file structure.txt (compact mmCIF, C-alpha atoms)
# COMPACT_ATOMS: atom_id res chain seq x y z
CA MET A 1 16.87 -13.62 0.24
CA VAL A 2 13.64 -15.43 -0.51
CA PHE A 3 11.84 -13.31 2.05
CA ALA A 4 13.07 -10.11 0.43
CA ALA A 5 11.99 -11.39 -2.98
CA ILE A 6 8.48 -12.11 -1.73
CA VAL A 7 8.30 -8.63 -0.22
CA ALA A 8 9.51 -7.11 -3.50
CA VAL A 9 6.84 -8.83 -5.53
CA GLN A 10 3.81 -8.45 -3.30
CA ILE A 11 4.06 -5.00 -1.75
CA GLU A 12 2.00 -2.18 -3.24
CA ASP A 13 4.38 0.74 -2.84
CA LEU A 14 6.78 0.91 -5.77
CA LEU A 15 9.69 2.47 -3.89
CA SER A 16 9.66 -0.21 -1.19
CA SER A 17 9.67 -3.00 -3.72
CA VAL A 18 12.67 -1.49 -5.51
CA ILE A 19 14.56 -1.31 -2.24
CA ALA A 20 13.67 -4.94 -1.56
CA VAL A 21 15.17 -5.90 -4.92
CA GLY A 22 18.31 -4.14 -3.77
CA ALA A 23 18.33 -6.35 -0.68
CA VAL A 24 18.07 -9.47 -2.86
CA GLY A 25 21.01 -8.29 -4.95
CA LEU A 26 23.21 -7.63 -1.94
CA GLY A 27 22.37 -11.06 -0.54
CA LEU A 28 23.38 -12.52 -3.88
CA SER A 29 26.73 -10.74 -3.69
CA LEU A 30 27.31 -12.28 -0.26
CA ALA A 31 26.39 -15.69 -1.70
CA PHE A 32 28.99 -15.22 -4.43
CA LEU A 33 31.60 -14.50 -1.76
CA ILE A 34 30.69 -17.67 0.14
CA LEU A 35 30.94 -19.68 -3.08
CA LYS A 36 34.53 -18.46 -3.59
CA ALA A 37 34.02 -16.16 -6.58
CA PRO A 38 35.52 -12.74 -5.76
CA ASP A 39 35.32 -11.32 -9.31
CA LEU A 40 31.61 -11.94 -9.41
CA ALA A 41 31.02 -10.46 -5.97
CA ILE A 42 32.61 -7.13 -6.94
CA THR A 43 30.80 -6.98 -10.26
CA GLN A 44 27.41 -7.94 -8.81
CA LEU A 45 27.72 -5.31 -6.07
CA VAL A 46 28.42 -2.37 -8.36
CA VAL A 47 25.94 -3.49 -11.01
CA GLU A 48 23.28 -3.81 -8.34
CA ILE A 49 23.89 -0.23 -7.20
CA LEU A 50 23.57 1.05 -10.76
CA CYS A 51 20.41 -0.97 -11.37
CA LEU A 52 18.88 0.49 -8.20
CA ILE A 53 19.66 4.03 -9.33
CA ILE A 54 18.04 3.46 -12.72
CA LEU A 55 14.93 1.83 -11.22
CA ILE A 56 14.47 4.60 -8.66
CA ARG A 57 14.78 7.13 -11.45
CA ALA A 58 11.88 5.45 -13.23
CA THR A 59 9.57 5.29 -10.24
CA ILE A 60 10.29 8.55 -8.49
CA ASN A 61 6.74 9.80 -8.28
CA LYS A 62 4.57 7.47 -10.22
CA ASP A 63 2.23 5.43 -8.12
CA LEU A 64 -0.92 3.83 -9.23
CA PRO A 65 -3.57 1.91 -7.37
CA VAL A 66 -3.96 -1.64 -8.58
CA ILE A 67 -7.46 -3.08 -8.37
CA ARG A 68 -8.39 -6.67 -8.62
CA ASP A 69 -10.40 -7.62 -11.68
CA GLY A 70 -12.66 -10.60 -12.07
CA ARG A 71 -11.35 -14.05 -12.98
CA TRP A 72 -8.74 -13.69 -10.31
CA PHE A 73 -9.19 -17.23 -9.06
CA PHE A 74 -8.78 -18.81 -12.46
CA ASN A 75 -5.70 -16.75 -13.31
CA THR A 76 -3.93 -17.53 -10.08
CA THR A 77 -4.59 -21.25 -10.17
CA SER A 78 -3.47 -21.58 -13.78
CA THR A 79 -0.25 -19.69 -12.99
CA LEU A 80 0.45 -21.89 -9.98
CA LEU A 81 -0.27 -25.00 -12.04
CA PHE A 82 2.19 -23.85 -14.69
CA ILE A 83 4.86 -23.20 -12.09
CA ALA A 84 4.25 -26.64 -10.53
CA ILE A 85 4.63 -28.39 -13.90
CA PHE A 86 7.84 -26.46 -14.53
CA LEU A 87 9.25 -27.45 -11.14
CA MET A 88 8.40 -31.09 -11.76
CA PHE A 89 10.31 -31.11 -15.03
CA ALA A 90 13.18 -29.32 -13.32
CA TYR A 91 13.35 -32.05 -10.69
CA PHE A 92 13.65 -34.73 -13.34
CA ALA A 93 16.37 -32.77 -15.06
CA LEU A 94 18.31 -32.07 -11.89
CA ARG A 95 18.80 -35.74 -11.13
CA GLU A 96 21.21 -36.05 -14.04
CA LEU A 97 23.63 -33.50 -12.70
CA PRO A 98 26.79 -34.68 -10.91
CA HIS A 99 26.79 -34.54 -7.15
CA PHE A 100 27.00 -31.13 -5.59
CA GLY A 101 30.61 -30.27 -4.84
CA GLN A 102 32.31 -32.53 -7.36
CA PRO A 103 32.11 -30.96 -10.78
CA ILE A 104 33.49 -32.67 -13.83
CA MET A 105 36.21 -30.24 -14.81
CA ARG A 106 37.50 -31.67 -18.00
CA VAL A 107 38.25 -28.46 -19.87
CA ALA A 108 38.74 -26.29 -16.83
CA GLN A 109 41.55 -28.47 -15.50
CA GLU A 110 43.53 -27.82 -18.67
CA TYR A 111 42.99 -24.10 -18.26
CA ILE A 112 44.09 -24.16 -14.65
CA ASN A 113 47.19 -26.25 -15.32
CA GLN A 114 48.43 -24.33 -18.31
CA GLY A 115 46.97 -20.91 -17.63
CA LYS A 116 50.02 -19.42 -16.06
CA GLU A 117 52.47 -20.59 -18.71
CA LEU A 118 50.37 -19.83 -21.74
CA THR A 119 49.12 -16.39 -20.82
CA GLY A 120 51.18 -15.15 -17.92
CA ALA A 121 48.17 -13.93 -15.95
CA THR A 122 47.52 -15.08 -12.41
CA ASN A 123 43.82 -14.30 -12.35
CA ILE A 124 42.45 -17.38 -14.08
CA VAL A 125 38.95 -15.99 -14.65
CA ALA A 126 40.36 -12.90 -16.36
CA ALA A 127 42.61 -15.11 -18.47
CA ILE A 128 39.62 -17.17 -19.54
CA ILE A 129 37.37 -14.30 -20.53
CA LEU A 130 40.05 -12.36 -22.36
CA ASP A 131 42.44 -14.90 -23.76
CA PHE A 132 41.02 -18.36 -24.00
CA ARG A 133 37.44 -17.34 -24.76
CA GLY A 134 37.77 -13.90 -26.21
CA TYR A 135 34.87 -14.33 -28.63
CA ASP A 136 32.36 -14.21 -25.81
CA THR A 137 33.77 -10.92 -24.58
CA LEU A 138 33.52 -9.52 -28.09
CA GLY A 139 29.87 -10.54 -28.25
CA GLU A 140 29.21 -8.97 -24.89
CA ALA A 141 30.78 -5.70 -25.97
CA THR A 142 28.49 -5.75 -28.99
CA ILE A 143 25.44 -6.27 -26.79
CA LEU A 144 26.39 -3.30 -24.62
CA PHE A 145 26.87 -1.14 -27.68
CA THR A 146 23.47 -2.16 -29.05
CA ALA A 147 21.77 -1.47 -25.72
CA VAL A 148 23.27 2.02 -25.52
CA MET A 149 22.17 2.76 -29.09
CA GLY A 150 18.70 1.42 -28.33
CA VAL A 151 18.25 3.60 -25.26
CA LEU A 152 19.47 6.70 -27.07
CA ALA A 153 17.15 5.97 -30.00
CA ILE A 154 14.10 5.47 -27.79
CA ILE A 155 14.65 8.53 -25.67
CA ARG A 156 15.71 10.96 -28.33
CA ARG A 157 12.36 11.27 -30.04
CA VAL A 158 10.86 13.12 -27.11
CA GLY A 159 12.56 16.36 -28.11
CA ARG A 160 10.93 16.28 -31.46
CA ILE A 161 7.44 15.59 -30.16
CA ASN A 162 7.67 18.29 -27.52
CA GLU A 163 8.41 20.93 -30.09
CA GLU A 164 5.21 20.40 -32.01
CA MET B 1 19.96 -31.80 -4.82
CA SER B 2 18.65 -29.89 -1.88
CA GLU B 3 21.11 -27.06 -2.47
CA TYR B 4 19.32 -25.95 -5.59
CA ILE B 5 16.04 -25.31 -3.81
CA LEU B 6 16.95 -21.67 -3.18
CA CYS B 7 17.52 -21.09 -6.88
CA PHE B 8 14.22 -22.57 -7.86
CA ALA B 9 12.32 -20.71 -5.17
CA LEU B 10 13.70 -17.42 -6.44
CA PHE B 11 12.94 -18.39 -10.01
CA SER B 12 9.36 -19.30 -9.16
CA ILE B 13 8.79 -16.02 -7.35
CA GLY B 14 10.15 -14.06 -10.30
CA LEU B 15 8.08 -16.08 -12.77
CA TYR B 16 4.94 -15.46 -10.75
CA ALA B 17 5.64 -11.73 -10.78
CA VAL B 18 6.12 -11.70 -14.56
CA LEU B 19 2.95 -13.63 -15.26
CA ARG B 20 0.50 -12.19 -12.79
CA LYS B 21 1.23 -8.57 -12.04
CA ARG B 22 -0.32 -5.68 -13.90
CA ASN B 23 2.19 -2.96 -13.19
CA ILE B 24 5.10 -2.70 -15.58
CA ILE B 25 7.57 -1.93 -12.83
CA LYS B 26 6.60 -5.12 -11.06
CA ILE B 27 7.26 -7.05 -14.26
CA ILE B 28 10.69 -5.47 -14.52
CA ILE B 29 11.40 -6.45 -10.91
CA GLY B 30 10.31 -10.01 -11.68
CA LEU B 31 12.71 -10.18 -14.62
CA GLY B 32 15.52 -8.99 -12.39
CA ILE B 33 14.79 -11.69 -9.82
CA ILE B 34 14.76 -14.37 -12.54
CA GLU B 35 18.17 -13.18 -13.69
CA TYR B 36 19.58 -13.37 -10.14
CA ALA B 37 18.29 -16.93 -9.78
CA VAL B 38 19.88 -18.08 -13.04
CA ASN B 39 23.26 -16.56 -12.17
CA LEU B 40 23.22 -18.22 -8.77
CA PHE B 41 22.40 -21.57 -10.36
CA PHE B 42 25.38 -21.34 -12.70
CA VAL B 43 27.82 -20.56 -9.93
CA LEU B 44 26.38 -23.32 -7.75
CA ILE B 45 27.04 -25.90 -10.44
CA GLY B 46 30.73 -25.14 -10.55
CA TYR B 47 31.42 -25.31 -6.84
CA ARG B 48 33.88 -27.81 -5.47
CA THR B 49 33.83 -28.78 -1.82
CA HIS B 50 36.76 -27.26 0.07
CA GLY B 51 37.89 -25.52 -3.07
CA ARG B 52 39.81 -22.30 -3.32
CA ALA B 53 39.16 -19.15 -5.31
CA PRO B 54 40.63 -19.32 -8.84
CA ILE B 55 43.50 -16.88 -8.29
CA LEU B 56 47.07 -18.06 -8.04
CA ALA B 57 49.13 -16.98 -5.06
CA LYS B 58 52.76 -16.10 -4.96
CA ASP B 59 54.17 -18.46 -2.40
CA GLN B 60 52.04 -21.57 -2.48
CA SER B 61 50.65 -23.74 -5.18
CA ILE B 62 46.93 -24.28 -4.99
CA LEU B 63 45.74 -27.69 -6.06
CA ASN B 64 42.00 -27.71 -5.88
CA MET B 65 40.17 -24.75 -7.26
CA VAL B 66 36.54 -24.20 -7.94
CA ASP B 67 35.47 -24.36 -11.53
CA PRO B 68 36.41 -21.07 -13.23
CA ILE B 69 34.43 -21.50 -16.44
CA PRO B 70 30.93 -20.87 -15.03
CA GLN B 71 32.31 -17.79 -13.30
CA ALA B 72 33.54 -16.46 -16.62
CA LEU B 73 30.08 -16.97 -18.14
CA VAL B 74 28.26 -15.35 -15.23
CA LEU B 75 30.58 -12.33 -15.30
CA THR B 76 29.34 -11.34 -18.74
CA SER B 77 25.79 -12.32 -17.87
CA ILE B 78 25.62 -9.84 -14.99
CA VAL B 79 26.58 -6.89 -17.19
CA ILE B 80 24.20 -8.02 -19.94
CA GLY B 81 21.40 -8.13 -17.38
CA LEU B 82 22.11 -4.53 -16.48
CA ALA B 83 21.94 -3.46 -20.14
CA VAL B 84 18.61 -5.25 -20.65
CA THR B 85 17.14 -3.69 -17.49
CA ALA B 86 18.19 -0.22 -18.65
CA LEU B 87 16.55 -0.81 -22.04
CA ILE B 88 13.29 -2.02 -20.51
CA VAL B 89 13.18 0.92 -18.12
CA ALA B 90 13.64 3.30 -21.07
CA ILE B 91 10.70 1.64 -22.84
CA ALA B 92 8.59 1.91 -19.67
CA ILE B 93 9.35 5.62 -19.40
CA ARG B 94 8.24 6.12 -22.99
CA ILE B 95 5.03 4.20 -22.34
CA TYR B 96 4.30 6.44 -19.38
CA GLU B 97 4.92 9.50 -21.52
CA LYS B 98 2.44 8.35 -24.11
CA TYR B 99 -0.37 6.70 -22.15
CA GLY B 100 -0.10 8.27 -18.73
CA THR B 101 -0.34 5.01 -16.85
CA PHE B 102 1.70 1.94 -16.00
CA ASP B 103 -1.18 -0.49 -16.12
CA ILE B 104 -0.75 -3.05 -18.85
CA THR B 105 -4.43 -3.77 -19.31
CA LYS B 106 -5.02 -0.23 -20.48
CA ILE B 107 -2.35 -0.15 -23.16
CA ARG B 108 -3.49 -3.05 -25.22
CA ARG B 109 -4.10 -1.16 -28.43
CA LEU B 110 -1.16 -0.66 -30.73
CA LYS B 111 -2.06 2.87 -31.63
CA GLY B 112 0.23 5.22 -33.48
CA MET C 1 13.57 26.61 -3.60
CA LYS C 2 16.64 27.18 -1.52
CA ASN C 3 19.05 25.22 -3.71
CA GLU C 4 19.30 25.98 -7.36
CA ALA C 5 20.34 22.63 -8.74
CA GLY C 6 21.39 19.36 -7.20
CA MET C 7 21.35 18.46 -3.57
CA THR C 8 22.16 20.19 -0.30
CA LEU C 9 25.48 21.66 0.72
CA ILE C 10 26.55 18.69 2.82
CA VAL C 11 26.22 16.33 -0.11
CA LYS C 12 28.09 18.70 -2.39
CA THR C 13 31.03 19.01 -0.01
CA ILE C 14 31.37 15.28 0.51
CA THR C 15 31.07 14.71 -3.23
CA ARG C 16 33.94 17.04 -3.96
CA LEU C 17 36.12 14.99 -1.64
CA THR C 18 35.19 11.49 -2.76
CA VAL C 19 34.61 11.66 -6.50
CA GLY C 20 38.31 11.69 -7.29
CA LEU C 21 38.90 8.72 -5.00
CA ILE C 22 36.16 6.70 -6.66
CA LEU C 23 37.64 7.38 -10.10
CA LEU C 24 41.10 6.40 -8.86
CA TYR C 25 39.76 3.18 -7.35
CA GLY C 26 38.06 2.29 -10.62
CA ILE C 27 41.26 2.81 -12.60
CA TYR C 28 43.16 0.69 -10.05
CA ILE C 29 40.75 -2.21 -10.44
CA VAL C 30 41.01 -2.04 -14.21
CA LEU C 31 44.80 -1.93 -14.34
CA HIS C 32 45.27 -4.79 -11.88
CA GLY C 33 42.73 -6.98 -13.63
CA HIS C 34 45.17 -9.78 -14.31
CA ILE C 35 46.61 -10.01 -10.81
CA SER C 36 43.76 -9.55 -8.38
CA PRO C 37 40.01 -9.98 -8.82
CA GLY C 38 38.15 -7.34 -10.74
CA GLY C 39 38.77 -6.89 -14.41
CA GLY C 40 37.43 -4.61 -17.06
CA PHE C 41 33.69 -4.88 -16.37
CA ALA C 42 33.66 -4.03 -12.69
CA GLY C 43 36.21 -1.25 -13.16
CA GLY C 44 34.24 0.26 -16.01
CA VAL C 45 31.06 0.32 -13.96
CA ILE C 46 32.89 1.99 -11.07
CA ILE C 47 34.24 4.70 -13.39
CA ALA C 48 30.72 5.31 -14.69
CA LEU C 49 29.45 5.45 -11.10
CA SER C 50 31.90 8.25 -10.27
CA PHE C 51 30.50 10.43 -13.04
CA ILE C 52 26.94 9.54 -12.11
CA HIS C 53 27.71 10.53 -8.53
CA LEU C 54 28.82 13.90 -9.83
CA MET C 55 25.62 14.25 -11.82
CA LEU C 56 23.38 13.28 -8.92
CA ALA C 57 24.94 15.70 -6.48
CA PHE C 58 25.47 18.74 -8.66
CA GLY C 59 22.73 18.61 -11.22
CA ARG C 60 22.89 17.75 -14.84
CA GLU C 61 24.64 20.74 -16.40
CA MET C 62 27.71 20.64 -14.21
CA ALA C 63 28.34 16.96 -14.87
CA LEU C 64 27.92 17.50 -18.59
CA LYS C 65 30.61 20.12 -18.46
CA LYS C 66 33.07 17.50 -17.26
CA LEU C 67 32.11 14.90 -19.83
CA SER C 68 29.71 15.95 -22.54
CA GLN C 69 27.48 13.53 -24.37
CA ALA C 70 29.42 13.80 -27.60
CA ALA C 71 32.63 12.99 -25.78
CA ALA C 72 31.00 9.97 -24.14
CA SER C 73 29.92 8.62 -27.52
CA ILE C 74 33.39 9.10 -28.96
CA LEU C 75 35.01 7.38 -25.97
CA GLU C 76 32.69 4.43 -26.21
CA SER C 77 33.31 3.89 -29.90
CA LEU C 78 37.03 4.26 -29.28
CA GLY C 79 36.93 1.54 -26.66
CA ALA C 80 35.09 -0.85 -28.94
CA LEU C 81 37.41 -0.15 -31.86
CA MET C 82 40.49 -0.65 -29.72
CA PHE C 83 39.25 -4.01 -28.55
CA LEU C 84 38.51 -5.07 -32.10
CA THR C 85 41.90 -3.89 -33.32
CA VAL C 86 43.75 -5.85 -30.67
CA ALA C 87 41.72 -8.90 -31.60
CA LEU C 88 42.22 -8.55 -35.35
CA LEU C 89 45.95 -8.01 -35.02
CA GLY C 90 46.12 -11.64 -34.09
CA PHE C 91 45.32 -12.43 -37.68
CA LEU C 92 48.87 -11.53 -38.57
CA GLY C 93 49.97 -14.27 -36.21
CA GLY C 94 47.73 -16.75 -37.89
CA TYR C 95 44.77 -17.02 -35.54
CA PHE C 96 42.13 -14.90 -33.86
CA PHE C 97 43.15 -13.26 -30.60
CA LEU C 98 46.71 -14.55 -30.62
CA ASN C 99 49.16 -12.29 -28.89
CA PHE C 100 52.49 -12.31 -30.56
CA PHE C 101 53.68 -8.77 -30.12
CA LEU C 102 53.63 -8.36 -26.34
CA HIS C 103 55.67 -10.90 -24.45
CA LYS C 104 54.37 -12.47 -21.33
CA GLY C 105 56.74 -11.11 -18.76
CA SER C 106 57.09 -12.40 -15.27
CA PRO C 107 53.93 -13.20 -13.34
CA PHE C 108 52.61 -10.94 -10.57
CA ALA C 109 54.11 -7.88 -12.23
CA LEU C 110 52.01 -5.08 -13.58
CA PHE C 111 53.32 -5.20 -17.13
CA SER C 112 52.84 -8.86 -17.79
CA ALA C 113 50.36 -11.18 -19.43
CA GLY C 114 50.47 -10.00 -23.01
CA ILE C 115 47.36 -8.34 -24.35
CA ILE C 116 45.18 -8.82 -21.29
CA PRO C 117 45.77 -5.35 -19.75
CA LEU C 118 45.08 -3.70 -23.11
CA CYS C 119 41.83 -5.58 -23.46
CA ASN C 120 40.88 -4.62 -19.91
CA ILE C 121 41.44 -0.93 -20.60
CA ALA C 122 39.44 -1.06 -23.83
CA ILE C 123 36.51 -2.81 -22.20
CA SER C 124 36.50 -0.44 -19.24
CA LEU C 125 36.35 2.57 -21.57
CA LYS C 126 33.46 1.05 -23.45
CA VAL C 127 31.43 0.02 -20.42
CA GLY C 128 32.05 3.23 -18.50
CA ALA C 129 31.23 5.63 -21.32
CA GLY C 130 28.24 3.57 -22.45
CA LEU C 131 26.63 3.44 -19.01
CA PHE C 132 27.21 7.16 -18.50
CA ALA C 133 25.54 7.88 -21.85
CA ILE C 134 22.54 5.75 -20.86
CA PHE C 135 22.15 7.56 -17.58
CA ALA C 136 22.57 11.01 -19.09
CA ALA C 137 19.85 10.20 -21.60
CA LEU C 138 17.45 8.87 -18.98
CA VAL C 139 17.72 12.04 -16.89
CA LEU C 140 16.93 14.17 -19.92
CA PHE C 141 13.17 14.06 -19.50
CA ARG C 142 11.26 17.12 -18.51
CA GLY C 143 7.84 17.11 -17.02
CA ILE C 144 8.22 13.99 -14.95
CA GLY C 145 9.39 15.79 -11.85
CA GLU C 146 13.11 16.08 -11.38
CA LYS C 147 14.87 15.15 -8.17
CA GLU C 148 14.61 17.97 -5.71

call {"tool": "encode", "arguments": {"input": "structure.txt", "output": "C-alpha cells"}}
result
Amino acid sequence: MVFAAIVAVQIEDLLSSVIAVGAVGLGLSLAFLILKAPDLAITQLVVEILCLIILIRATINKDLPVIRDGRWFFNTTSTLLFIAIFLMFAYFALRELPHFGQPIMRVAQEYINQGKELTGATNIVAAIILDFRGYDTLGEATILFTAVMGVLAIIRRVGRINEE
Amino acid sequence: MSEYILCFALFSIGLYAVLRKRNIIKIIIGLGIIEYAVNLFFVLIGYRTHGRAPILAKDQSILNMVDPIPQALVLTSIVIGLAVTALIVAIAIRIYEKYGTFDITKIRRLKG
Amino acid sequence: MKNEAGMTLIVKTITRLTVGLILLYGIYIVLHGHISPGGGFAGGVIIALSFIHLMLAFGREMALKKLSQAAASILESLGALMFLTVALLGFLGGYFFLNFFLHKGSPFALFSAGIIPLCNIAISLKVGAGLFAIFAALVLFRGIGEKE
C-alpha cells in the first residue's frame, strides 16, 4: 500500500497516479477485512470505485508538464523538517494509548450486551449508527445534502456564461 | 506501537503531496491518501486480539468482539470523504474552465 | 464516428444484462441492513452506481430518460425528509429517536428491529439520488472532450 501511495504521488502522468490511488483504496478494503470490519470493507470498496470514476472524469485529457522552479532545495527541506516534527509529536502522543489489541471498551461493552434486547437488531454497527447514535447519522445526511447543493451551484453557472 | 507505522507512513506521504506539489489533481490525491490513513488509524485502535466481527450469529453466543464504536464513526467518515472529494473536483473543473491550467502558481490572483 | 453515443456494442449488451442485477443487489443490501453487514450507505452507493453504469455505457440522454435530474432532486429531498420525520416522531414518545410505534419483533427476521429498516431505506434514497445528481452535473460540461 505504501508503495502504491509513493507511485501515486511522484509519477508525472495523471491517469497513472489516479489508478495508483485506486490500488491504495483496494488495499485499504482488504485491511478492513483483516481487521474484522465487514461493513467498512463493503462501503470502502464501492466508495473507492465511485471516487475513481469522478477523478478519471476530471483528468480525462488534461496533462500539463511540471517544471522545477528555483528554491527547490529550501522548500523540500522545510517540508521534510515539518513532517519530522509532526512525527516526533505523534510518537509522544502514541505512548499514551492502551496496548494494541486490548481496547478499553467501557461504553461499547454496554452496547454489545444490551444491543439485542433494546433494539432487536443483530448487526451491532447498524444498531449503533441508527439507534444509539442517531444524531451523527443526521449530521452526515446534512453534509451529503450540502455537498450535492454545492456541486450543483458551482457547476450550474457555466450555462449562463456560455450564452454570452 | 509498531503497528501504527503504516498509518503514519501513509499520512506523511499524503501530507508531502499536499504541501509540495503544484498540480491541483496531485493535491486532491494527497488529500485522499490522508483520509485513508486516518480511517485506518481509527479502525486499528478498536481492534481486539482474537476478536470476532460485531455481528451476532444465530446458534452461538459470541463473547469477545472487536470494538464497534470506531467502526460506526469510520462508516460515516468514508462517505463524507467521498462528498468532499466530489466537491473539490468540481472546483478544480471550474478553475480549469476559467484559467486554462491546473498549475497553482499561475492562479494566484483573485480576479473576477 | 461509428457509434453515435456511449460505448461499443459489446459494452451495451452486457450493460443491458447486468444493470438490473446491480440495482437488485443494492436494494438487497439496504433491506437486510440490520441482519448482515451493509446498511444504508453502502446500499445507496450501489444503487447510484447502477444508474451511473447506465449513463457511462449509453450516453447521457438515455440515462436521463430513466431518471431525470428533477426526479433525482425530489427523491433526495424525500429521503432526507423521511429520515427527519422518523426521528422527530420520537418526540411524541418523550425523547429524540425513540421508537415506540414499531415493535421489535423476533431477531433475524426481516421485519424486526423497530425503526432501523425505515432509516436504512431513507438514507439509501438520499445517498443514491444525491450521488447520481452530482455525477449527472459533472458530466454536463461541453468543450472538455467527452468520452468517446

call {"tool": "interface_residues", "arguments": {"input": "structure.txt", "of": "chain A", "to": "chain C", "cutoff": "7 Å", "atoms": "only C-alpha atoms", "output": "list in words"}}
result
Pro38, Asp39, Ile42, Thr43, Val46, Thr119, Gly120, Ala121, Thr122, Asn123, Ala126, Leu130, Gly134, Val148, Val151, Leu152 and Ile155 of chain A

call {"tool": "atom_distance", "arguments": {"input": "structure.txt", "atom1": "CA of Thr13 (chain C)", "atom2": "CA of Leu54 (chain C)"}}
result
11.3 Å

call {"tool": "residues_around", "arguments": {"input": "structure.txt", "residues": "Ile24 (chain B)", "least_positions_apart": "3", "cutoff": "9 Å", "atoms": "all atoms listed in the file", "output": "PyMOL selection string"}}
result
chain B and resi 21+27-29+92+102-104

call {"tool": "closest_residue", "arguments": {"input": "structure.txt", "among": "A:Asp13, A:Glu140, A:Glu96, A:Asp131", "to": "chain B", "atoms": "only C-alpha atoms"}}
result
A:Glu140

call {"tool": "atom_distance", "arguments": {"input": "structure.txt", "atom1": "CA of Leu45 (chain A)", "atom2": "CA of Leu28 (chain A)"}}
result
8.7 Å

call {"tool": "atom_distance", "arguments": {"input": "structure.txt", "atom1": "CA of Tyr96 (chain B)", "atom2": "CA of Ala58 (chain A)"}}
result
9.8 Å

call {"tool": "residues_around", "arguments": {"input": "structure.txt", "residues": "Gly46 (chain B)", "least_positions_apart": "6", "cutoff": "9 Å", "atoms": "all atoms listed in the file", "output": "NGL selection string"}}
result
(:A and (100-105)) or (:B and (66-71))

call {"tool": "closest_residue", "arguments": {"input": "structure.txt", "among": "C:Leu81, C:Gly128, C:Lys66, C:Leu89", "to": "chain B", "atoms": "all atoms listed in the file"}}
result
C:Gly128

call {"tool": "closest_residue", "arguments": {"input": "structure.txt", "among": "C:Val30, C:Gln69, C:Gly59, C:Ser50", "to": "Leu118 (chain C)", "atoms": "all atoms listed in the file"}}
result
C:Val30

call {"tool": "decode", "arguments": {"input": "structure.txt", "residues": "region 126-141 of chain C", "atoms": "N, CA and C atoms", "output": "PDB file, in the first residue's frame"}}
result
ATOM      1  N   LYS C 126     -31.472   8.918  -0.067  1.00  0.00           N
ATOM      2  CA  LYS C 126     -30.784  10.189  -0.072  1.00  0.00           C
ATOM      3  C   LYS C 126     -29.406  10.065  -0.684  1.00  0.00           C
ATOM      4  N   VAL C 127     -28.663   9.045  -0.280  1.00  0.00           N
ATOM      5  CA  VAL C 127     -27.293   8.892  -0.785  1.00  0.00           C
ATOM      6  C   VAL C 127     -27.304   8.567  -2.269  1.00  0.00           C
ATOM      7  N   GLY C 128     -28.201   7.644  -2.680  1.00  0.00           N
ATOM      8  CA  GLY C 128     -28.221   7.248  -4.075  1.00  0.00           C
ATOM      9  C   GLY C 128     -28.598   8.386  -4.999  1.00  0.00           C
ATOM     10  N   ALA C 129     -29.685   9.093  -4.683  1.00  0.00           N
ATOM     11  CA  ALA C 129     -30.118  10.183  -5.552  1.00  0.00           C
ATOM     12  C   ALA C 129     -29.116  11.333  -5.540  1.00  0.00           C
ATOM     13  N   GLY C 130     -28.521  11.608  -4.371  1.00  0.00           N
ATOM     14  CA  GLY C 130     -27.559  12.699  -4.305  1.00  0.00           C
ATOM     15  C   GLY C 130     -26.319  12.431  -5.139  1.00  0.00           C
ATOM     16  N   LEU C 131     -25.784  11.202  -5.054  1.00  0.00           N
ATOM     17  CA  LEU C 131     -24.580  10.899  -5.820  1.00  0.00           C
ATOM     18  C   LEU C 131     -24.877  10.866  -7.310  1.00  0.00           C
ATOM     19  N   PHE C 132     -26.082  10.416  -7.693  1.00  0.00           N
ATOM     20  CA  PHE C 132     -26.410  10.444  -9.109  1.00  0.00           C
ATOM     21  C   PHE C 132     -26.548  11.871  -9.619  1.00  0.00           C
ATOM     22  N   ALA C 133     -27.083  12.772  -8.774  1.00  0.00           N
ATOM     23  CA  ALA C 133     -27.203  14.169  -9.196  1.00  0.00           C
ATOM     24  C   ALA C 133     -25.820  14.807  -9.357  1.00  0.00           C
ATOM     25  N   ILE C 134     -24.890  14.473  -8.446  1.00  0.00           N
ATOM     26  CA  ILE C 134     -23.531  15.001  -8.572  1.00  0.00           C
ATOM     27  C   ILE C 134     -22.900  14.531  -9.866  1.00  0.00           C
ATOM     28  N   PHE C 135     -23.058  13.266 -10.186  1.00  0.00           N
ATOM     29  CA  PHE C 135     -22.397  12.753 -11.373  1.00  0.00           C
ATOM     30  C   PHE C 135     -23.032  13.299 -12.635  1.00  0.00           C
ATOM     31  N   ALA C 136     -24.365  13.441 -12.636  1.00  0.00           N
ATOM     32  CA  ALA C 136     -25.020  13.984 -13.823  1.00  0.00           C
ATOM     33  C   ALA C 136     -24.628  15.429 -14.052  1.00  0.00           C
ATOM     34  N   ALA C 137     -24.347  16.168 -12.972  1.00  0.00           N
ATOM     35  CA  ALA C 137     -23.928  17.548 -13.151  1.00  0.00           C
ATOM     36  C   ALA C 137     -22.489  17.624 -13.631  1.00  0.00           C
ATOM     37  N   LEU C 138     -21.633  16.696 -13.186  1.00  0.00           N
ATOM     38  CA  LEU C 138     -20.233  16.778 -13.587  1.00  0.00           C
ATOM     39  C   LEU C 138     -20.042  16.398 -15.041  1.00  0.00           C
ATOM     40  N   VAL C 139     -20.966  15.627 -15.617  1.00  0.00           N
ATOM     41  CA  VAL C 139     -20.796  15.205 -16.998  1.00  0.00           C
ATOM     42  C   VAL C 139     -21.381  16.244 -17.944  1.00  0.00           C
ATOM     43  N   LEU C 140     -21.957  17.314 -17.353  1.00  0.00           N
ATOM     44  CA  LEU C 140     -22.703  18.264 -18.163  1.00  0.00           C
ATOM     45  C   LEU C 140     -21.802  19.072 -19.077  1.00  0.00           C
ATOM     46  N   PHE C 141     -20.514  19.179 -18.738  1.00  0.00           N
ATOM     47  CA  PHE C 141     -19.672  20.156 -19.400  1.00  0.00           C
ATOM     48  C   PHE C 141     -19.467  19.857 -20.861  1.00  0.00           C
TER      49      PHE C 141
END
